[in-house]
Amino acid sequence: MTVIQVPTTPFADQRPGTSGLRKKVQVFQQPHYLENFVQSLFDIRPDLAGGTLVLGGDGRYYNREAVQIILRLAAANGVARVLLGAGALLSTPAASHLIRKYRAQGGIVLSASHNPGGPEGDFGIKFNVANGGPAPEAVTEALHARSREIDRYLTLDGPDIDIDHLGTTNLGEMEIQVLDPVRDYADLMETLFDFEAIQQLFHSGLFSMRFDAMHAVTGPYAREILEGRLRAEPGTVINGEPLPDFGGHHPDPNLKHAADLVALTKGPDAVSFAAASDGDGDRNMILGRNCFVTPSDSLAVLAANAHHAPGYAGGVVGVARSMPTSQAVDRVAEQLGVECYETPTGWKFFGNLLDAGRITLCGEESFGTGSNHVREKDGLWAVLFWLNLLAAKRQPVLDLLHDHWRRFGRNYYTRHDYEAIDADAAQGLMEHLRAHLAELPGRTLGGRTLTYADDFAYRDPVDGSESARQGIRLGFEDGARIVYRLSGTGTEGATLRVYLEVYERDPKRLFLDTAEVMAPLVDIARDLAEIEQRTGRAAPDVIT
Ligand code: G16
C-alpha cells in the first residue's frame, strides 16, 4: 500500500463550534471536505504520528464511510494504532474512557450529538485530547487556522477494512484493534455504583423503569448494563437499536423529543423511573412518576447525595456548572462547604478543573451531567447514579426532589429556544443587549430589581486562559436570572437561547407550576431583547 498525497484547497467553514464541527451530511460528503479537516488535525497534532488514536461514532448516517476515510488518513499520517469501536460505534463517554484507559494521544468521535441524522440530517466530528476531554479552544482554533491554509492531504490506496468483527488488523503499517464498544465502559460503571443494591431495587416488585435509547448509540450500552449486568426486566430499554436516521426522530432527550417516554411516566400504569440519552450518549433526561427533573436540579440532587454511590463515598471536593445552568447546585456547594465554579457553556471548560482535582461533579442545563470518571458528560452514568440513589433511599423520584427543595429552596428553571432564526437578526439582538448593559443595574422590572448585567467572561483558574462574550447575564436581587446566548451547535441560521430562573425559599411556594412562576420573567426577557421585533418570532420553538 502506498501513501498518496492529494492536492486540495481550503474550505472556509471548518471552525469547530461548542462541540466539534457540525454540518449537514451533504457538506461532509463534498469531495475533500472530511479529508481536509482530519488532515488539519494531524498537521497540528504531530504527537498522533507513532501514537494511539481512539475512533468511533454514534452510528448516524455517513458514520461508517467516514471511519474508512479517517482510517486511511491515519495510516498515511503515521498513526501507530487505532482503537476502533466495533461497527464504528462508540458513545462519547466511552471514547473518553478508552482514551484515558489505554493512554491514547487522542480520539475522534463522529457525531452531531442530538441533531437529527439521515442523508438530509447532520453529521459531525470532534477531537478529544489525551485527558479524554474535548479539545480546548487553543486546539480548535489551531485546527481552524490550519484548515484555512491546507493544500494537501495524505491517504492510502488501501481497501476498506472489516470494522464489524472484534480483532486486530493492519492497514499499511498501522494496527487497528476493533474493540467491543461497551465492555470497558460497563466495567467502569461497576466500579462507581452499587450494582447489587440496584439489582435488588429492580427485583423489589415496587419499581419499574424504561430507558429510551432513541435509536442512538446508547442502545447496546443500556442493554448490557441495565438488562444484562443489572438484570432489569427485558424491555426496560426501548428504541435500543442504533439506526442511521434514529428512526426519523431527533435523538434529543427532552420533553419535546422524548414525549412518548414522558407519557409512560403518567397515568395509572406509570413507571417509577424513566430516562433517555441522546445521539452520542453524553446527555441524559431524568423522569419520575409524574415528575421531570430539570438537568440543573439533577446536578444539585446528585451533589447533595453523592456519598450514597460507592465511587463517590468520600463526598465531593467541588462542583461546577455552566453559566446558564440554574444556581441550584450553588446552594448545595454552599452547605457542603465546597467550591462551586461557573464556566462558559461547553464541556471543554470543565476539563482543567477536573484534571486539577478541584471538582468531582459538574453539569449543564443542556441535559449534561458528569464527574471525574471521564472527561465528557455521561448519559448512562447519570441514569445509574439516580438508580443508585433510588436504591439507597427507596423513595419515589418526586419525594426525593421535594425533600431537596425543602432543604435548599427551589430554582424554578426554563429555557426558551428560537431555532433557525436569521443569523444577522440574532447578532443584532445580542448587540442591542450589550449596548444597554451599563444602564440596566438598579432598574426595577416587573417588581424585580436588577443587580447586575454583564456579558459573561471566564478566566480559567487553572491555566489562566480567558474566554469573553459567553452570554448576557441579568441578575435580580431575589436570585432570579435571565441569560441570553446564541447556540454554538446549530447548523441552520442561528439559535437564540433564553434561560430563565426564579429562586424560591418560601415553603408555601415550592410546588407551583413552573410556567406560571416564570411568566412575568418571560415577558421581561422578551421585551428587553425585542425578540419578536428582531426575529419575527412570537413564541419559542422549544421550551424545556
Ligand atoms: C454540546 C456541548 C455542551 C453544550 C451543548 C449546548 O452538547 O458539549 O457543553 O452545553 O452543546 O450548546 P449550545 O447551547 O451552544 O448549543 P452536545 O450534547 O450537543 O455535544
# chains A, B, ... in the order shown; residues from 1 in each chain; ligands from 1
>>> residues_around(residues="Glu516 (chain A)", least_positions_apart="5", cutoff="12 Å", atoms="only C-alpha atoms", output="CSV table (one decimal) with all heavy atoms, in the first residue's frame")
chain,number,residue,atom,x,y,z
A,412,TYR,N,-36.7,27.4,40.2
A,412,TYR,CA,-37.5,27.2,39.0
A,412,TYR,C,-36.7,27.6,37.8
A,412,TYR,O,-36.0,28.6,37.8
A,412,TYR,CB,-38.8,28.1,39.1
A,412,TYR,CG,-39.8,27.7,40.1
A,412,TYR,CD1,-39.8,28.2,41.4
A,412,TYR,CD2,-40.8,26.8,39.8
A,412,TYR,CE1,-40.7,27.8,42.3
A,412,TYR,CE2,-41.7,26.4,40.7
A,412,TYR,CZ,-41.7,26.9,42.0
A,412,TYR,OH,-42.6,26.5,42.9
A,413,TYR,N,-36.9,26.8,36.8
A,413,TYR,CA,-36.0,27.0,35.6
A,413,TYR,C,-36.7,26.6,34.3
A,413,TYR,O,-37.4,25.6,34.2
A,413,TYR,CB,-34.8,26.1,35.8
A,413,TYR,CG,-33.7,26.4,34.8
A,413,TYR,CD1,-32.8,27.4,35.0
A,413,TYR,CD2,-33.5,25.6,33.6
A,413,TYR,CE1,-31.8,27.7,34.0
A,413,TYR,CE2,-32.5,25.9,32.7
A,413,TYR,CZ,-31.7,26.9,32.9
A,413,TYR,OH,-30.7,27.2,32.0
A,414,THR,N,-36.4,27.4,33.3
A,414,THR,CA,-36.9,27.0,32.0
A,414,THR,C,-36.0,27.6,30.9
A,414,THR,O,-35.3,28.6,31.2
A,414,THR,CB,-38.4,27.5,31.8
A,414,THR,OG1,-38.9,26.9,30.6
A,414,THR,CG2,-38.5,29.0,31.6
A,502,VAL,N,-35.9,31.4,38.6
A,502,VAL,CA,-36.5,32.1,39.7
A,502,VAL,C,-36.2,31.3,41.0
A,502,VAL,O,-36.4,30.1,41.0
A,502,VAL,CB,-38.0,32.3,39.6
A,502,VAL,CG1,-38.7,32.7,40.9
A,502,VAL,CG2,-38.4,33.3,38.5
A,509,ARG,N,-44.3,28.2,48.6
A,509,ARG,CA,-44.2,28.5,47.1
A,509,ARG,C,-43.2,27.5,46.4
A,509,ARG,O,-42.7,27.8,45.4
A,509,ARG,CB,-43.7,29.9,46.9
A,509,ARG,CG,-44.8,30.9,47.4
A,509,ARG,CD,-44.5,32.4,47.0
A,509,ARG,NE,-44.1,32.5,45.6
A,509,ARG,CZ,-45.0,32.6,44.6
A,509,ARG,NH1,-46.3,32.6,44.9
A,509,ARG,NH2,-44.7,32.8,43.4
A,511,PHE,N,-44.0,24.4,45.4
A,511,PHE,CA,-44.6,23.3,44.5
A,511,PHE,C,-45.6,23.9,43.5
A,511,PHE,O,-46.6,23.4,43.2
A,511,PHE,CB,-45.3,22.3,45.3
A,511,PHE,CG,-44.4,21.8,46.4
A,511,PHE,CD1,-44.6,22.1,47.8
A,511,PHE,CD2,-43.3,21.0,46.1
A,511,PHE,CE1,-43.8,21.6,48.8
A,511,PHE,CE2,-42.4,20.6,47.1
A,511,PHE,CZ,-42.6,20.9,48.4
A,521,LEU,N,-41.2,36.8,34.2
A,521,LEU,CA,-39.8,36.9,33.8
A,521,LEU,C,-39.7,36.7,32.3
A,521,LEU,O,-38.9,37.3,31.6
A,521,LEU,CB,-39.0,35.9,34.5
A,521,LEU,CG,-37.5,36.2,34.7
A,521,LEU,CD1,-37.4,37.4,35.6
A,521,LEU,CD2,-36.8,35.0,35.4
A,522,VAL,N,-40.6,35.8,31.8
A,522,VAL,CA,-40.6,35.6,30.3
A,522,VAL,C,-40.9,36.9,29.6
A,522,VAL,O,-40.3,37.2,28.6
A,522,VAL,CB,-41.6,34.5,30.0
A,522,VAL,CG1,-41.9,34.4,28.5
A,522,VAL,CG2,-41.2,33.1,30.5
A,523,ASP,N,-41.9,37.6,30.1
A,523,ASP,CA,-42.3,38.9,29.5
A,523,ASP,C,-41.2,39.9,29.5
A,523,ASP,O,-40.9,40.5,28.5
A,523,ASP,CB,-43.5,39.5,30.2
A,523,ASP,CG,-44.8,38.6,29.9
A,523,ASP,OD1,-44.8,37.8,29.0
A,523,ASP,OD2,-45.7,38.8,30.7
>>> residues_near_ligand(ligand="ligand 1", cutoff="9 Å", atoms="only C-alpha atoms and all ligand atoms", output="PyMOL selection string")
chain A and resi 17-20+92+111-115+134+252+278-283+322+344-349+363-368+376-377+485-490+495-497
>>> residues_around(residues="Phe11 (chain A)", least_positions_apart="5", cutoff="9 Å", atoms="only C-alpha atoms", output="JSON, numbers by chain")
{"A": [33, 36, 37, 147, 148, 149, 150]}
>>> write_last_selection(atoms="N, CA and C atoms", output="mmCIF file, in the first residue's frame")
data_model
loop_
_atom_site.group_PDB
_atom_site.id
_atom_site.type_symbol
_atom_site.label_atom_id
_atom_site.label_comp_id
_atom_site.auth_asym_id
_atom_site.auth_seq_id
_atom_site.Cartn_x
_atom_site.Cartn_y
_atom_site.Cartn_z
ATOM 1 N N TYR A 33 -13.802 17.316 1.808
ATOM 2 C CA TYR A 33 -14.218 18.102 2.974
ATOM 3 C C TYR A 33 -13.752 17.461 4.289
ATOM 4 N N ASN A 36 -9.852 17.182 4.439
ATOM 5 C CA ASN A 36 -9.170 18.431 4.806
ATOM 6 C C ASN A 36 -9.160 18.629 6.325
ATOM 7 N N PHE A 37 -10.320 18.408 6.925
ATOM 8 C CA PHE A 37 -10.437 18.668 8.362
ATOM 9 C C PHE A 37 -9.553 17.700 9.155
ATOM 10 N N SER A 147 -6.913 24.610 8.809
ATOM 11 C CA SER A 147 -7.864 24.267 7.738
ATOM 12 C C SER A 147 -7.978 25.397 6.714
ATOM 13 N N ARG A 148 -7.590 26.608 7.108
ATOM 14 C CA ARG A 148 -7.675 27.758 6.190
ATOM 15 C C ARG A 148 -6.518 27.805 5.204
ATOM 16 N N GLU A 149 -5.474 27.015 5.487
ATOM 17 C CA GLU A 149 -4.312 27.104 4.588
ATOM 18 C C GLU A 149 -3.890 25.769 3.995
ATOM 19 N N ILE A 150 -4.663 24.737 4.298
ATOM 20 C CA ILE A 150 -4.253 23.386 3.886
ATOM 21 C C ILE A 150 -4.198 23.273 2.350
#
>>> residues_around(residues="region 262-264 of chain A", least_positions_apart="5", cutoff="8 Å", atoms="only C-alpha atoms", output="MDAnalysis selection string")
chainID A and resid 255 269:271 274 287
>>> write_last_selection(atoms="all heavy atoms", output="PDB file, in the first residue's frame")
ATOM      1  N   LEU A 255     -38.275  17.197  26.807  1.00  0.00           N
ATOM      2  CA  LEU A 255     -39.722  16.992  26.927  1.00  0.00           C
ATOM      3  C   LEU A 255     -40.406  16.952  25.572  1.00  0.00           C
ATOM      4  O   LEU A 255     -41.439  16.311  25.400  1.00  0.00           O
ATOM      5  CB  LEU A 255     -40.319  18.097  27.798  1.00  0.00           C
ATOM      6  CG  LEU A 255     -39.821  18.102  29.250  1.00  0.00           C
ATOM      7  CD1 LEU A 255     -40.377  19.291  30.010  1.00  0.00           C
ATOM      8  CD2 LEU A 255     -40.202  16.802  29.957  1.00  0.00           C
ATOM      9  N   ASP A 269     -50.760   3.399  35.065  1.00  0.00           N
ATOM     10  CA  ASP A 269     -49.709   2.392  34.888  1.00  0.00           C
ATOM     11  C   ASP A 269     -48.322   3.027  34.772  1.00  0.00           C
ATOM     12  O   ASP A 269     -47.391   2.427  34.208  1.00  0.00           O
ATOM     13  CB  ASP A 269     -49.961   1.565  33.619  1.00  0.00           C
ATOM     14  CG  ASP A 269     -51.287   0.842  33.696  1.00  0.00           C
ATOM     15  OD1 ASP A 269     -51.622   0.397  34.813  1.00  0.00           O
ATOM     16  OD2 ASP A 269     -51.987   0.756  32.662  1.00  0.00           O
ATOM     17  N   ALA A 270     -48.188   4.221  35.269  1.00  0.00           N
ATOM     18  CA  ALA A 270     -46.915   4.940  35.094  1.00  0.00           C
ATOM     19  C   ALA A 270     -45.736   4.156  35.678  1.00  0.00           C
ATOM     20  O   ALA A 270     -45.866   3.509  36.716  1.00  0.00           O
ATOM     21  CB  ALA A 270     -47.017   6.290  35.794  1.00  0.00           C
ATOM     22  N   VAL A 271     -44.597   4.227  34.988  1.00  0.00           N
ATOM     23  CA  VAL A 271     -43.385   3.600  35.530  1.00  0.00           C
ATOM     24  C   VAL A 271     -42.843   4.481  36.664  1.00  0.00           C
ATOM     25  O   VAL A 271     -43.145   5.676  36.741  1.00  0.00           O
ATOM     26  CB  VAL A 271     -42.285   3.413  34.442  1.00  0.00           C
ATOM     27  CG1 VAL A 271     -42.735   2.407  33.400  1.00  0.00           C
ATOM     28  CG2 VAL A 271     -41.904   4.736  33.793  1.00  0.00           C
ATOM     29  N   ALA A 274     -37.910   6.878  34.596  1.00  0.00           N
ATOM     30  CA  ALA A 274     -37.639   6.800  33.154  1.00  0.00           C
ATOM     31  C   ALA A 274     -36.489   7.726  32.831  1.00  0.00           C
ATOM     32  O   ALA A 274     -36.267   8.730  33.512  1.00  0.00           O
ATOM     33  CB  ALA A 274     -38.877   7.197  32.358  1.00  0.00           C
ATOM     34  N   LEU A 287     -36.638  11.300  34.605  1.00  0.00           N
ATOM     35  CA  LEU A 287     -38.070  11.448  34.899  1.00  0.00           C
ATOM     36  C   LEU A 287     -38.465  10.495  36.006  1.00  0.00           C
ATOM     37  O   LEU A 287     -37.934   9.383  36.093  1.00  0.00           O
ATOM     38  CB  LEU A 287     -38.905  11.081  33.661  1.00  0.00           C
ATOM     39  CG  LEU A 287     -38.672  11.871  32.370  1.00  0.00           C
ATOM     40  CD1 LEU A 287     -39.173  11.073  31.172  1.00  0.00           C
ATOM     41  CD2 LEU A 287     -39.389  13.216  32.428  1.00  0.00           C
TER      42      LEU A 287
END
>>> select_by_dssp(residues="region 199-344 of chain A", states="strand (DSSP E or B)", output="short mmCIF file (atom, residue, chain, number, x, y, z; two decimals) with N, CA, C and O atoms, in the first residue's frame")
data_model
loop_
_atom_site.label_atom_id
_atom_site.label_comp_id
_atom_site.auth_asym_id
_atom_site.auth_seq_id
_atom_site.Cartn_x
_atom_site.Cartn_y
_atom_site.Cartn_z
N MET A 209 -39.00 0.61 35.31
CA MET A 209 -38.19 1.62 34.62
C MET A 209 -38.26 1.43 33.11
O MET A 209 -38.39 0.31 32.61
N ARG A 210 -38.15 2.55 32.38
CA ARG A 210 -37.91 2.49 30.94
C ARG A 210 -36.74 3.41 30.62
O ARG A 210 -36.68 4.53 31.12
N PHE A 211 -35.84 2.90 29.78
CA PHE A 211 -34.76 3.75 29.29
C PHE A 211 -34.92 3.86 27.78
O PHE A 211 -34.94 2.85 27.07
N ASP A 212 -35.03 5.09 27.29
CA ASP A 212 -35.22 5.31 25.86
C ASP A 212 -33.87 5.65 25.22
O ASP A 212 -33.32 6.73 25.44
N VAL A 237 -35.20 -1.39 28.20
CA VAL A 237 -34.59 -0.49 27.21
C VAL A 237 -35.49 -0.45 25.99
O VAL A 237 -35.80 -1.49 25.40
N ILE A 238 -35.92 0.74 25.61
CA ILE A 238 -36.75 0.86 24.41
C ILE A 238 -35.98 1.64 23.34
O ILE A 238 -35.07 2.39 23.63
N PHE A 273 -39.65 5.19 37.14
CA PHE A 273 -38.45 5.94 36.76
C PHE A 273 -38.26 5.78 35.26
O PHE A 273 -38.46 4.70 34.71
N ALA A 274 -37.91 6.88 34.60
CA ALA A 274 -37.64 6.80 33.15
C ALA A 274 -36.49 7.73 32.83
O ALA A 274 -36.27 8.73 33.51
N ALA A 275 -35.75 7.36 31.79
CA ALA A 275 -34.60 8.17 31.42
C ALA A 275 -34.33 7.98 29.94
O ALA A 275 -34.76 7.00 29.33
N ALA A 276 -33.63 8.94 29.37
CA ALA A 276 -33.27 8.85 27.95
C ALA A 276 -31.90 9.44 27.76
O ALA A 276 -31.41 10.22 28.58
N SER A 277 -31.28 9.04 26.64
CA SER A 277 -29.99 9.63 26.30
C SER A 277 -30.03 10.07 24.84
O SER A 277 -31.00 9.79 24.12
N ARG A 283 -25.76 12.91 26.85
CA ARG A 283 -26.83 13.65 27.54
C ARG A 283 -27.75 12.70 28.29
O ARG A 283 -27.81 11.51 27.97
N ASN A 284 -28.50 13.23 29.23
CA ASN A 284 -29.49 12.42 29.92
C ASN A 284 -30.70 13.25 30.30
O ASN A 284 -30.60 14.44 30.57
N MET A 285 -31.86 12.58 30.30
CA MET A 285 -33.06 13.20 30.87
C MET A 285 -33.58 12.25 31.95
O MET A 285 -33.66 11.05 31.74
N ILE A 286 -33.92 12.82 33.10
CA ILE A 286 -34.38 12.02 34.24
C ILE A 286 -35.85 12.34 34.53
O ILE A 286 -36.22 13.52 34.68
N LEU A 287 -36.64 11.30 34.61
CA LEU A 287 -38.07 11.45 34.90
C LEU A 287 -38.47 10.50 36.01
O LEU A 287 -37.93 9.38 36.09
N GLY A 288 -39.39 10.93 36.84
CA GLY A 288 -40.00 10.03 37.81
C GLY A 288 -41.49 9.95 37.49
O GLY A 288 -41.96 10.58 36.53
N CYS A 291 -43.22 13.36 37.09
CA CYS A 291 -42.17 14.29 37.53
C CYS A 291 -41.01 14.34 36.53
O CYS A 291 -40.52 13.31 36.07
N PHE A 292 -40.64 15.56 36.18
CA PHE A 292 -39.47 15.79 35.32
C PHE A 292 -38.41 16.48 36.18
O PHE A 292 -38.70 17.48 36.84
N VAL A 293 -37.22 15.94 36.19
CA VAL A 293 -36.14 16.55 36.96
C VAL A 293 -35.33 17.43 36.01
O VAL A 293 -34.74 16.91 35.05
N GLY A 318 -15.58 19.56 45.04
CA GLY A 318 -16.04 20.82 44.48
C GLY A 318 -16.99 20.50 43.33
O GLY A 318 -17.08 19.34 42.91
N VAL A 319 -17.72 21.50 42.86
CA VAL A 319 -18.65 21.28 41.75
C VAL A 319 -18.50 22.42 40.76
O VAL A 319 -17.93 23.47 41.09
N ALA A 320 -19.02 22.20 39.56
CA ALA A 320 -19.02 23.27 38.57
C ALA A 320 -20.28 23.15 37.73
O ALA A 320 -20.83 22.07 37.56
N ARG A 321 -20.71 24.31 37.24
CA ARG A 321 -21.86 24.32 36.32
C ARG A 321 -21.59 25.36 35.26
O ARG A 321 -20.84 26.33 35.49
N SER A 322 -22.19 25.17 34.08
CA SER A 322 -22.05 26.20 33.06
C SER A 322 -22.89 27.40 33.47
O SER A 322 -23.86 27.28 34.23
N GLU A 339 -16.21 24.47 46.89
CA GLU A 339 -16.21 25.49 45.84
C GLU A 339 -17.21 25.14 44.73
O GLU A 339 -17.39 23.97 44.40
N CYS A 340 -17.86 26.18 44.19
CA CYS A 340 -18.72 25.98 43.01
C CYS A 340 -18.21 26.91 41.91
O CYS A 340 -18.17 28.12 42.10
N TYR A 341 -17.82 26.36 40.78
CA TYR A 341 -17.28 27.16 39.67
C TYR A 341 -18.36 27.40 38.63
O TYR A 341 -19.16 26.50 38.33
N GLU A 342 -18.35 28.59 38.05
CA GLU A 342 -19.28 28.93 36.97
C GLU A 342 -18.45 29.09 35.70
O GLU A 342 -17.57 29.96 35.62
N THR A 343 -18.71 28.24 34.72
CA THR A 343 -17.89 28.21 33.50
C THR A 343 -18.74 28.56 32.28
O THR A 343 -19.97 28.51 32.36
#
>>> closest_residue(among="A:Gly167, A:Pro520, A:Pro253, A:Pro295", to="Thr325 (chain A)", atoms="only C-alpha atoms")
A:Pro295
>>> residues_around(residues="Leu528 (chain A)", least_positions_apart="6", cutoff="10 Å", atoms="only C-alpha atoms", output="list in words")
Leu429, His432, Leu433, His436 and Leu445 of chain A
>>> select_by_dssp(residues="region 381-410 of chain A", states="helix (DSSP H, G or I)", output="MDAnalysis selection string")
chainID A and resid 381:393 397:408
>>> atom_distance(atom1="CA of Gly107 (chain A)", atom2="CA of Gly158 (chain A)")
22.0 Å
>>> closest_residue(among="A:Leu34, A:Pro116, A:Asp187, A:Tyr484", to="Asp245 (chain A)", atoms="only C-alpha atoms")
A:Pro116
